[in-house]
>>> print(open('target_17.cif').read())   # mmCIF, C-alpha atoms and all ligand atoms
data_start
loop_
_atom_site.label_atom_id
_atom_site.label_comp_id
_atom_site.auth_asym_id
_atom_site.auth_seq_id
_atom_site.Cartn_x
_atom_site.Cartn_y
_atom_site.Cartn_z
CA MET A 285 -39.08 134.13 -16.87
CA ILE A 286 -42.56 135.30 -15.94
CA ARG A 287 -43.05 135.54 -12.20
CA ALA A 288 -46.24 136.46 -10.34
CA SER A 289 -45.86 137.20 -6.69
CA GLU A 290 -49.04 137.49 -4.62
CA VAL A 291 -50.85 139.24 -7.49
CA THR A 292 -54.43 140.38 -6.98
CA PHE A 293 -56.70 142.34 -9.32
CA ALA A 294 -60.05 144.09 -8.98
CA TYR A 295 -61.85 145.91 -11.80
CA PRO A 296 -62.45 149.59 -10.90
CA GLY A 297 -65.04 149.86 -8.15
CA GLY A 298 -65.52 146.10 -8.00
CA PRO A 299 -64.45 143.23 -5.79
CA SER A 300 -61.23 141.30 -6.30
CA VAL A 301 -61.65 138.83 -9.21
CA LEU A 302 -58.14 137.44 -9.19
CA GLY A 303 -55.70 136.21 -6.60
CA PRO A 304 -53.66 136.30 -4.69
CA VAL A 305 -51.81 134.22 -7.28
CA SER A 306 -48.13 133.29 -7.36
CA PHE A 307 -46.52 131.28 -10.15
CA GLU A 308 -43.63 131.11 -12.58
CA ILE A 309 -43.58 130.43 -16.32
CA ALA A 310 -40.26 129.26 -17.74
CA PRO A 311 -38.75 131.07 -20.74
CA GLY A 312 -39.46 129.34 -24.05
CA SER A 313 -42.23 127.20 -22.59
CA LEU A 314 -45.81 126.85 -23.74
CA CYS A 315 -48.07 127.26 -20.72
CA GLY A 316 -51.74 126.32 -20.81
CA LEU A 317 -53.82 128.67 -18.65
CA VAL A 318 -57.09 126.84 -18.16
CA GLY A 319 -60.24 127.10 -16.09
CA ALA A 320 -64.01 127.29 -16.34
CA ASN A 321 -65.85 130.37 -17.62
CA GLY A 322 -65.27 133.37 -15.38
CA SER A 323 -62.29 131.82 -13.58
CA GLY A 324 -60.08 134.79 -14.48
CA LYS A 325 -58.09 133.64 -17.54
CA SER A 326 -58.63 136.72 -19.70
CA THR A 327 -58.05 139.02 -16.74
CA LEU A 328 -54.72 137.32 -16.03
CA LEU A 329 -53.71 137.54 -19.72
CA ALA A 330 -54.43 141.28 -19.71
CA LEU A 331 -52.23 141.63 -16.62
CA LEU A 332 -49.46 139.61 -18.31
CA ALA A 333 -49.66 141.90 -21.34
CA GLY A 334 -49.50 145.07 -19.21
CA LEU A 335 -53.03 146.20 -20.16
CA PHE A 336 -53.96 146.08 -16.46
CA VAL A 337 -51.60 146.38 -13.51
CA PRO A 338 -51.92 144.30 -10.34
CA SER A 339 -54.01 145.87 -7.58
CA THR A 340 -51.49 144.36 -5.15
CA GLY A 341 -48.43 142.18 -5.64
CA THR A 342 -45.96 142.18 -8.51
CA LEU A 343 -45.84 140.57 -11.92
CA THR A 344 -42.41 140.42 -13.56
CA VAL A 345 -41.82 139.62 -17.25
CA ASN A 346 -38.18 138.93 -18.08
CA GLY A 347 -37.05 141.28 -15.34
CA ARG A 348 -39.61 144.05 -16.02
CA PRO A 349 -42.00 144.60 -13.13
CA SER A 350 -45.68 145.53 -13.24
CA PRO A 351 -46.51 147.91 -11.72
CA GLY A 352 -43.22 149.78 -12.12
CA ASP A 353 -42.25 149.26 -15.73
CA VAL A 354 -45.57 148.62 -17.46
CA GLN A 355 -44.25 150.06 -20.73
CA GLY A 356 -41.44 147.51 -20.61
CA VAL A 357 -43.96 144.72 -20.05
CA ARG A 358 -46.09 145.95 -22.95
CA ALA A 359 -43.06 145.99 -25.24
CA ALA A 360 -42.14 142.44 -24.26
CA VAL A 361 -45.58 140.81 -24.49
CA ALA A 362 -48.02 140.62 -27.40
CA LEU A 363 -51.65 139.71 -26.67
CA VAL A 364 -53.92 138.08 -29.25
CA LEU A 365 -57.59 138.46 -28.33
CA GLN A 366 -60.24 135.78 -28.84
CA ASP A 367 -62.22 138.01 -31.18
CA PRO A 368 -59.96 139.12 -34.07
CA ASP A 369 -62.50 141.75 -35.06
CA GLN A 370 -61.66 143.65 -31.87
CA GLN A 371 -58.02 143.71 -32.91
CA ILE A 372 -57.83 144.06 -36.70
CA VAL A 373 -57.45 147.71 -37.63
CA GLY A 374 -56.33 147.70 -41.26
CA ALA A 375 -58.71 147.49 -44.20
CA THR A 376 -56.51 144.97 -46.02
CA VAL A 377 -54.24 142.16 -44.84
CA GLY A 378 -51.12 144.14 -45.76
CA GLU A 379 -52.41 147.34 -44.18
CA ASP A 380 -53.09 145.56 -40.89
CA LEU A 381 -49.66 143.93 -40.94
CA LEU A 382 -47.98 147.28 -41.57
CA LEU A 383 -49.88 149.50 -39.15
CA GLY A 384 -47.49 151.62 -37.17
CA LEU A 385 -44.70 151.08 -39.67
CA THR A 386 -43.52 153.64 -42.18
CA PRO A 387 -46.10 153.78 -44.96
CA ARG A 388 -45.20 153.59 -48.63
CA ASP A 389 -41.76 152.19 -47.88
CA PRO A 390 -41.04 149.46 -50.47
CA ALA A 391 -39.00 147.52 -47.91
CA GLN A 392 -41.99 147.43 -45.56
CA ALA A 393 -44.23 146.26 -48.38
CA GLU A 394 -41.77 143.41 -48.98
CA ARG A 395 -41.90 142.56 -45.32
CA ALA A 396 -45.70 142.52 -45.34
CA LEU A 397 -45.63 140.19 -48.34
CA ALA A 398 -43.19 137.89 -46.59
CA LEU A 399 -45.29 137.80 -43.42
CA ALA A 400 -48.50 137.20 -45.34
CA ALA A 401 -46.83 134.35 -47.20
CA ARG A 402 -45.32 132.79 -44.05
CA PHE A 403 -48.71 132.69 -42.40
CA GLY A 404 -50.52 131.51 -45.52
CA LEU A 405 -52.61 134.67 -45.55
CA GLY A 406 -52.67 134.89 -49.31
CA ASP A 407 -52.91 138.17 -51.16
CA PRO A 408 -51.87 141.08 -48.89
CA THR A 409 -54.16 143.42 -50.82
CA ALA A 410 -57.22 141.31 -49.87
CA PRO A 411 -59.82 143.13 -47.74
CA VAL A 412 -59.75 141.76 -44.17
CA GLN A 413 -63.47 140.89 -44.22
CA THR A 414 -62.76 138.30 -46.94
CA LEU A 415 -60.72 136.18 -44.47
CA SER A 416 -62.27 133.30 -42.51
CA LEU A 417 -62.27 133.38 -38.70
CA GLY A 418 -59.11 131.25 -38.74
CA GLY A 419 -57.53 133.59 -41.27
CA ARG A 420 -58.42 136.67 -39.23
CA ARG A 421 -56.98 135.08 -36.10
CA LYS A 422 -53.80 134.18 -38.00
CA LEU A 423 -53.59 137.79 -39.19
CA CYS A 424 -53.71 138.95 -35.56
CA ILE A 425 -50.94 136.51 -34.65
CA ALA A 426 -48.83 137.60 -37.63
CA THR A 427 -49.27 141.24 -36.60
CA ALA A 428 -48.43 140.33 -32.99
CA LEU A 429 -45.26 138.51 -34.10
CA ARG A 430 -44.20 141.29 -36.49
CA ASP A 431 -42.14 143.04 -33.85
CA ALA A 432 -40.76 139.79 -32.36
CA PRO A 433 -42.24 139.95 -28.84
CA GLU A 434 -40.50 137.92 -26.15
CA VAL A 435 -43.82 136.50 -25.01
CA LEU A 436 -47.00 135.73 -26.96
CA VAL A 437 -50.25 135.35 -25.03
CA LEU A 438 -53.34 134.04 -26.79
CA ASP A 439 -56.92 134.11 -25.51
CA GLU A 440 -58.95 131.06 -26.62
CA PRO A 441 -57.04 130.69 -29.93
CA PHE A 442 -59.02 127.55 -30.93
CA ALA A 443 -62.51 128.89 -30.22
CA GLY A 444 -64.74 128.59 -33.27
CA LEU A 445 -62.03 127.15 -35.54
CA ASP A 446 -62.86 124.26 -37.85
CA TYR A 447 -60.60 121.21 -38.16
CA PRO A 448 -58.22 122.57 -40.85
CA ALA A 449 -57.93 125.94 -39.11
CA GLY A 450 -57.33 124.18 -35.77
CA ARG A 451 -54.51 122.21 -37.37
CA GLU A 452 -53.00 125.38 -38.74
CA MET A 453 -53.22 127.02 -35.33
CA ARG A 454 -51.44 124.05 -33.78
CA ALA A 455 -48.68 124.24 -36.38
CA LEU A 456 -48.24 127.92 -35.64
CA LEU A 457 -47.98 127.35 -31.88
CA ALA A 458 -45.57 124.46 -32.43
CA SER A 459 -43.31 126.55 -34.67
CA ASN A 460 -43.27 129.38 -32.10
CA ARG A 461 -42.35 126.83 -29.46
CA ALA A 462 -39.56 125.43 -31.63
CA ALA A 463 -38.29 128.99 -32.10
CA GLY A 464 -38.06 129.35 -28.31
CA ARG A 465 -40.81 131.93 -27.88
CA THR A 466 -42.63 131.88 -24.53
CA GLN A 467 -46.37 131.34 -25.03
CA VAL A 468 -49.33 131.43 -22.68
CA ILE A 469 -52.59 130.03 -24.04
CA ALA A 470 -55.85 130.67 -22.20
CA SER A 471 -58.57 128.13 -22.87
CA HIS A 472 -61.50 126.40 -21.18
CA ASP A 473 -60.70 123.34 -23.34
CA VAL A 474 -57.31 121.59 -23.22
CA GLU A 475 -58.14 119.12 -26.02
CA PRO A 476 -56.67 120.89 -29.09
CA PHE A 477 -53.26 121.70 -27.54
CA ALA A 478 -52.84 119.29 -24.61
CA ASP A 479 -49.90 117.53 -26.28
CA LEU A 480 -48.11 120.83 -27.07
CA ALA A 481 -48.03 122.32 -23.57
CA ASP A 482 -45.00 122.14 -21.29
CA ALA A 483 -46.86 123.18 -18.15
CA TRP A 484 -50.29 124.19 -16.91
CA LEU A 485 -51.86 126.76 -14.64
CA VAL A 486 -55.43 125.96 -13.63
CA LEU A 487 -57.61 128.78 -12.33
CA GLU A 488 -60.78 128.49 -10.33
CA ALA A 489 -62.60 131.56 -9.00
CA GLY A 490 -59.50 133.68 -9.53
CA ARG A 491 -57.08 131.34 -7.73
CA VAL A 492 -54.41 129.00 -9.08
CA VAL A 493 -55.71 125.62 -7.91
CA LEU A 494 -53.35 123.37 -9.90
CA ARG A 495 -50.07 123.92 -11.66
CA GLY A 496 -47.21 121.95 -13.12
CA ALA A 497 -46.65 119.15 -15.60
CA THR A 498 -49.37 117.52 -17.68
CA ASP A 499 -49.96 114.16 -16.03
CA ALA A 500 -50.27 115.40 -12.45
CA VAL A 501 -52.48 118.32 -13.47
CA PHE A 502 -54.75 116.30 -15.75
CA ARG A 503 -55.48 113.76 -13.00
CA GLU A 504 -57.19 116.55 -11.04
CA LEU A 505 -58.66 118.66 -13.85
CA ARG A 506 -62.30 117.57 -13.77
CA ALA A 507 -62.72 118.69 -10.18
CA HIS A 508 -61.95 122.22 -11.36
CA GLY A 509 -64.37 122.40 -14.26
CA VAL A 510 -62.08 121.36 -17.11
CA ARG A 511 -62.25 118.08 -19.00
CA PRO A 512 -59.01 116.18 -19.73
CA PRO A 513 -58.50 115.12 -23.37
CA THR A 514 -60.61 112.18 -24.49
CA ALA A 515 -57.61 110.11 -25.61
CA TRP A 516 -55.48 110.77 -22.51
CA ARG A 517 -54.84 107.99 -19.99
CA PRO A 518 -53.16 108.65 -16.60
CA GLY A 519 -49.47 107.78 -16.69
CA GLU A 520 -49.28 107.97 -20.48
CA PRO A 521 -48.24 110.86 -22.73
CA VAL A 522 -51.07 112.80 -24.36
CA PRO A 523 -51.61 111.45 -27.89
CA ALA A 524 -51.12 114.06 -30.61
CA TRP A 525 -54.33 115.80 -31.72
CA GLU A 526 -54.68 114.84 -35.36
N1 LIG B 601 -64.66 144.62 -17.34
C1 LIG B 601 -65.03 143.95 -16.25
N2 LIG B 601 -65.58 144.59 -15.20
C2 LIG B 601 -65.94 143.92 -14.07
N3 LIG B 601 -65.78 142.59 -13.91
C3 LIG B 601 -65.25 141.90 -14.93
C4 LIG B 601 -64.85 142.53 -16.15
N4 LIG B 601 -64.36 141.58 -16.98
C5 LIG B 601 -64.44 140.41 -16.31
N5 LIG B 601 -64.98 140.61 -15.09
C6 LIG B 601 -65.21 139.57 -14.06
O1 LIG B 601 -63.95 139.01 -13.70
C7 LIG B 601 -64.06 137.60 -13.49
C8 LIG B 601 -63.07 136.88 -14.39
O2 LIG B 601 -63.46 137.09 -15.74
P1 LIG B 601 -62.56 136.66 -16.98
O3 LIG B 601 -63.19 137.23 -18.19
O4 LIG B 601 -61.16 137.02 -16.68
O5 LIG B 601 -62.72 135.08 -16.92
P2 LIG B 601 -62.39 133.99 -18.04
O6 LIG B 601 -61.81 132.84 -17.31
O7 LIG B 601 -61.59 134.61 -19.13
O8 LIG B 601 -63.84 133.59 -18.57
P3 LIG B 601 -64.32 133.03 -20.01
O9 LIG B 601 -63.99 131.56 -20.03
O10 LIG B 601 -65.79 133.26 -20.00
O11 LIG B 601 -63.61 133.80 -21.07
C9 LIG B 601 -65.52 137.25 -13.76
O12 LIG B 601 -66.19 137.23 -12.52
C10 LIG B 601 -66.01 138.41 -14.60
O13 LIG B 601 -67.39 138.61 -14.39
MG MG B 602 -61.90 134.79 -21.16
#
>>> encode(input="target_17.cif", output="structure tokens")
Amino acid sequence: MIRASEVTFAYPGGPSVLGPVSFEIAPGSLCGLVGANGSGKSTLLALLAGLFVPSTGTLTVNGRPSPGDVQGVRAAVALVLQDPDQQIVGATVGEDLLLGLTPRDPAQAERALALAARFGLGDPTAPVQTLSLGGRRKLCIATALRDAPEVLVLDEPFAGLDYPAGREMRALLASNRAAGRTQVIASHDVEPFADLADAWLVLEAGRVVLRGATDAVFRELRAHGVRPPTAWRPGEPVPAWE
């Protein structure tokens, strides 16, 4: 369970940009964190991942509080940034997958191969700059999942992806969901994953203005700067994005 209790956050020397916010995210659920540009999504993701700590209030991830046990939060949560080039460190696919692991260990090389294959990343000896944007983002997710985090948080995972890469991203999120991993997806656009989410948190100017299940939230979305999916009709399930 992720629980935020009266959390606020201000960047050093600046005004408060978030909160107070209070919410819960159920274990194993896929939560859409949506809002217009500048509403505080990325800031909240960084707090969830333990990169920032609340200025006031408490954020608890599966029993680990921030502030208090930020290292515990960091161990439990993996963050995938919008821009994979800020996150990829290895020169090749395999090197990036193995960073921080024991080098030159044949067992690790096997593991890298298996991960690369599972994510359709192709040849693990390929230089990272030869991957497409979708491929580089998948590499970041594979690296994030390598150590089996309890929670995966993704910042704008669909931004800039073409149709095939968007479909692959959806399949990845769906398989994580089926495996019971908690996921939080920040996006200004609900369209590509509206049918996959279990619950929503809608931010506006740093506050949670809507939360809960899809139908009730989507009825009010436009007023908060986010467009509901084109194919959605009130009272009906969201059609699958295909
Ligand atoms: N490093 C920073 N220093 C100071 N203020 C910041 C910093 N990063 C973000 N902000 C401010 O915090 C607020 C929330 O920004 P944030 O990036 O979290 O929003 P967002 O919802 O992720 O926006 P976007 O949709 O553009 O990604 C904005 O007012 C932004 O200007
Ligand atoms: Mg952002």
>>> closest_atom_pairs(input="target_17.cif", of="chain A", to="ligand MG 602 (chain B)", cutoff="9 Å", atoms="all atoms listed in the file", output="JSON lines")
{"residue": "A:Asn321", "atom": "CA", "partner": "B:MG602", "partner_atom": "MG", "distance": 6.9}
{"residue": "A:Gly322", "atom": "CA", "partner": "B:MG602", "partner_atom": "MG", "distance": 6.8}
{"residue": "A:Ser323", "atom": "CA", "partner": "B:MG602", "partner_atom": "MG", "distance": 8.2}
{"residue": "A:Gly324", "atom": "CA", "partner": "B:MG602", "partner_atom": "MG", "distance": 6.9}
{"residue": "A:Lys325", "atom": "CA", "partner": "B:MG602", "partner_atom": "MG", "distance": 5.4}
{"residue": "A:Ser326", "atom": "CA", "partner": "B:MG602", "partner_atom": "MG", "distance": 4.1}
{"residue": "A:Thr327", "atom": "CA", "partner": "B:MG602", "partner_atom": "MG", "distance": 7.2}
{"residue": "A:Leu329", "atom": "CA", "partner": "B:MG602", "partner_atom": "MG", "distance": 8.8}
{"residue": "A:Gln366", "atom": "CA", "partner": "B:MG602", "partner_atom": "MG", "distance": 7.9}
{"residue": "A:Asp439", "atom": "CA", "partner": "B:MG602", "partner_atom": "MG", "distance": 6.6}
{"residue": "A:Glu440", "atom": "CA", "partner": "B:MG602", "partner_atom": "MG", "distance": 7.2}
{"residue": "A:Ala470", "atom": "CA", "partner": "B:MG602", "partner_atom": "MG", "distance": 7.4}
{"residue": "A:Ser471", "atom": "CA", "partner": "B:MG602", "partner_atom": "MG", "distance": 7.6}
{"residue": "A:His472", "atom": "CA", "partner": "B:MG602", "partner_atom": "MG", "distance": 8.4}
>>> atom_distance(input="target_17.cif", atom1="CA of Leu487 (chain A)", atom2="CA of Val345 (chain A)")
19.8 Å
>>> closest_residue(input="target_17.cif", among="A:Val492, A:Val522, A:Leu343, A:Ala500", to="ligand LIG 601 (chain B)", atoms="all atoms listed in the file")
A:Val492
>>> residues_around(input="target_17.cif", residues="Ala375 (chain A)", least_positions_apart="3", cutoff="7 Å", atoms="all atoms listed in the file", output="PDB file with C-alpha atoms, in the coordinates of the input")
ATOM      1  CA  GLU A 379     -52.410 147.340 -44.180  1.00  0.00           C
ATOM      2  CA  ASP A 380     -53.090 145.560 -40.890  1.00  0.00           C
ATOM      3  CA  PRO A 411     -59.820 143.130 -47.740  1.00  0.00           C
ATOM      4  CA  VAL A 412     -59.750 141.760 -44.170  1.00  0.00           C
TER       5      VAL A 412
END
>>> atom_distance(input="target_17.cif", atom1="CA of Met285 (chain A)", atom2="CA of Val357 (chain A)")
12.1 Å
>>> closest_residue(input="target_17.cif", among="A:Pro390, A:Gly490, A:Gly406, A:Pro513", to="ligand LIG 601 (chain B)", atoms="all atoms listed in the file")
A:Gly490
>>> residues_around(input="target_17.cif", residues="Ala515 (chain A)", least_positions_apart="6", cutoff="10 Å", atoms="only C-alpha atoms", output="ChimeraX atom specification")
/A:475,521-525
>>> closest_residue(input="target_17.cif", among="A:Thr292, A:Ser416, A:Ser350, A:Thr340", to="ligand LIG 601 (chain B)", atoms="only C-alpha atoms and all ligand atoms")
A:Thr292
>>> decode(input="target_17.cif", residues="region 409-439 of chain A", atoms="N, CA and C atoms", output="compact mmCIF listing (two decimals), in the first residue's frame")
# COMPACT_ATOMS: atom_id res chain seq x y z
N THR A 409 24.55 -7.05 -27.30
CA THR A 409 25.81 -6.35 -27.57
C THR A 409 25.58 -5.09 -28.43
N ALA A 410 24.32 -4.82 -28.80
CA ALA A 410 24.04 -3.65 -29.64
C ALA A 410 24.30 -2.35 -28.87
N PRO A 411 24.95 -1.36 -29.51
CA PRO A 411 25.12 -0.06 -28.86
C PRO A 411 23.76 0.58 -28.58
N VAL A 412 23.63 1.24 -27.42
CA VAL A 412 22.31 1.75 -27.01
C VAL A 412 21.77 2.80 -27.99
N GLN A 413 22.68 3.53 -28.68
CA GLN A 413 22.18 4.58 -29.59
C GLN A 413 21.53 4.01 -30.84
N THR A 414 21.66 2.67 -31.04
CA THR A 414 21.00 2.06 -32.20
C THR A 414 19.54 1.73 -31.91
N LEU A 415 19.11 1.85 -30.64
CA LEU A 415 17.71 1.55 -30.31
C LEU A 415 16.82 2.75 -30.64
N SER A 416 15.55 2.46 -30.98
CA SER A 416 14.55 3.52 -31.17
C SER A 416 14.19 4.10 -29.81
N LEU A 417 13.38 5.18 -29.82
CA LEU A 417 12.92 5.75 -28.54
C LEU A 417 12.17 4.69 -27.74
N GLY A 418 11.29 3.94 -28.42
CA GLY A 418 10.54 2.89 -27.72
C GLY A 418 11.48 1.84 -27.16
N GLY A 419 12.49 1.49 -27.92
CA GLY A 419 13.47 0.49 -27.47
C GLY A 419 14.26 1.00 -26.28
N ARG A 420 14.64 2.28 -26.31
CA ARG A 420 15.41 2.83 -25.19
C ARG A 420 14.55 2.92 -23.93
N ARG A 421 13.26 3.23 -24.13
CA ARG A 421 12.38 3.27 -22.96
C ARG A 421 12.17 1.86 -22.40
N LYS A 422 12.05 0.88 -23.29
CA LYS A 422 11.91 -0.51 -22.83
C LYS A 422 13.16 -0.94 -22.07
N LEU A 423 14.33 -0.51 -22.57
CA LEU A 423 15.58 -0.85 -21.87
C LEU A 423 15.56 -0.29 -20.44
N CYS A 424 15.07 0.94 -20.30
CA CYS A 424 15.00 1.54 -18.95
C CYS A 424 14.04 0.74 -18.07
N ILE A 425 12.94 0.27 -18.65
CA ILE A 425 11.98 -0.51 -17.84
C ILE A 425 12.59 -1.87 -17.48
N ALA A 426 13.28 -2.48 -18.44
CA ALA A 426 13.92 -3.77 -18.16
C ALA A 426 14.94 -3.62 -17.04
N THR A 427 15.73 -2.54 -17.10
CA THR A 427 16.74 -2.30 -16.07
C THR A 427 16.05 -2.05 -14.73
N ALA A 428 14.93 -1.29 -14.78
CA ALA A 428 14.19 -1.00 -13.54
C ALA A 428 13.62 -2.28 -12.93
N LEU A 429 13.19 -3.21 -13.80
CA LEU A 429 12.56 -4.45 -13.29
C LEU A 429 13.59 -5.51 -12.90
N ARG A 430 14.84 -5.28 -13.27
CA ARG A 430 15.89 -6.29 -13.05
C ARG A 430 15.94 -6.75 -11.59
N ASP A 431 15.81 -5.79 -10.68
CA ASP A 431 15.91 -6.15 -9.27
C ASP A 431 14.54 -6.29 -8.61
N ALA A 432 13.52 -6.56 -9.43
CA ALA A 432 12.17 -6.85 -8.94
C ALA A 432 11.66 -5.85 -7.89
N PRO A 433 11.51 -4.57 -8.28
CA PRO A 433 10.97 -3.59 -7.32
C PRO A 433 9.52 -3.91 -7.00
N GLU A 434 9.10 -3.49 -5.79
CA GLU A 434 7.70 -3.72 -5.41
C GLU A 434 6.78 -2.79 -6.20
N VAL A 435 7.31 -1.61 -6.52
CA VAL A 435 6.50 -0.60 -7.20
C VAL A 435 7.29 -0.05 -8.38
N LEU A 436 6.59 0.10 -9.52
CA LEU A 436 7.22 0.70 -10.71
C LEU A 436 6.48 1.99 -11.01
N VAL A 437 7.21 3.10 -11.09
CA VAL A 437 6.56 4.37 -11.44
C VAL A 437 7.15 4.87 -12.75
N LEU A 438 6.27 5.27 -13.65
CA LEU A 438 6.71 5.64 -15.00
C LEU A 438 6.22 7.04 -15.34
N ASP A 439 7.13 7.87 -15.82
CA ASP A 439 6.79 9.25 -16.17
C ASP A 439 6.55 9.33 -17.67
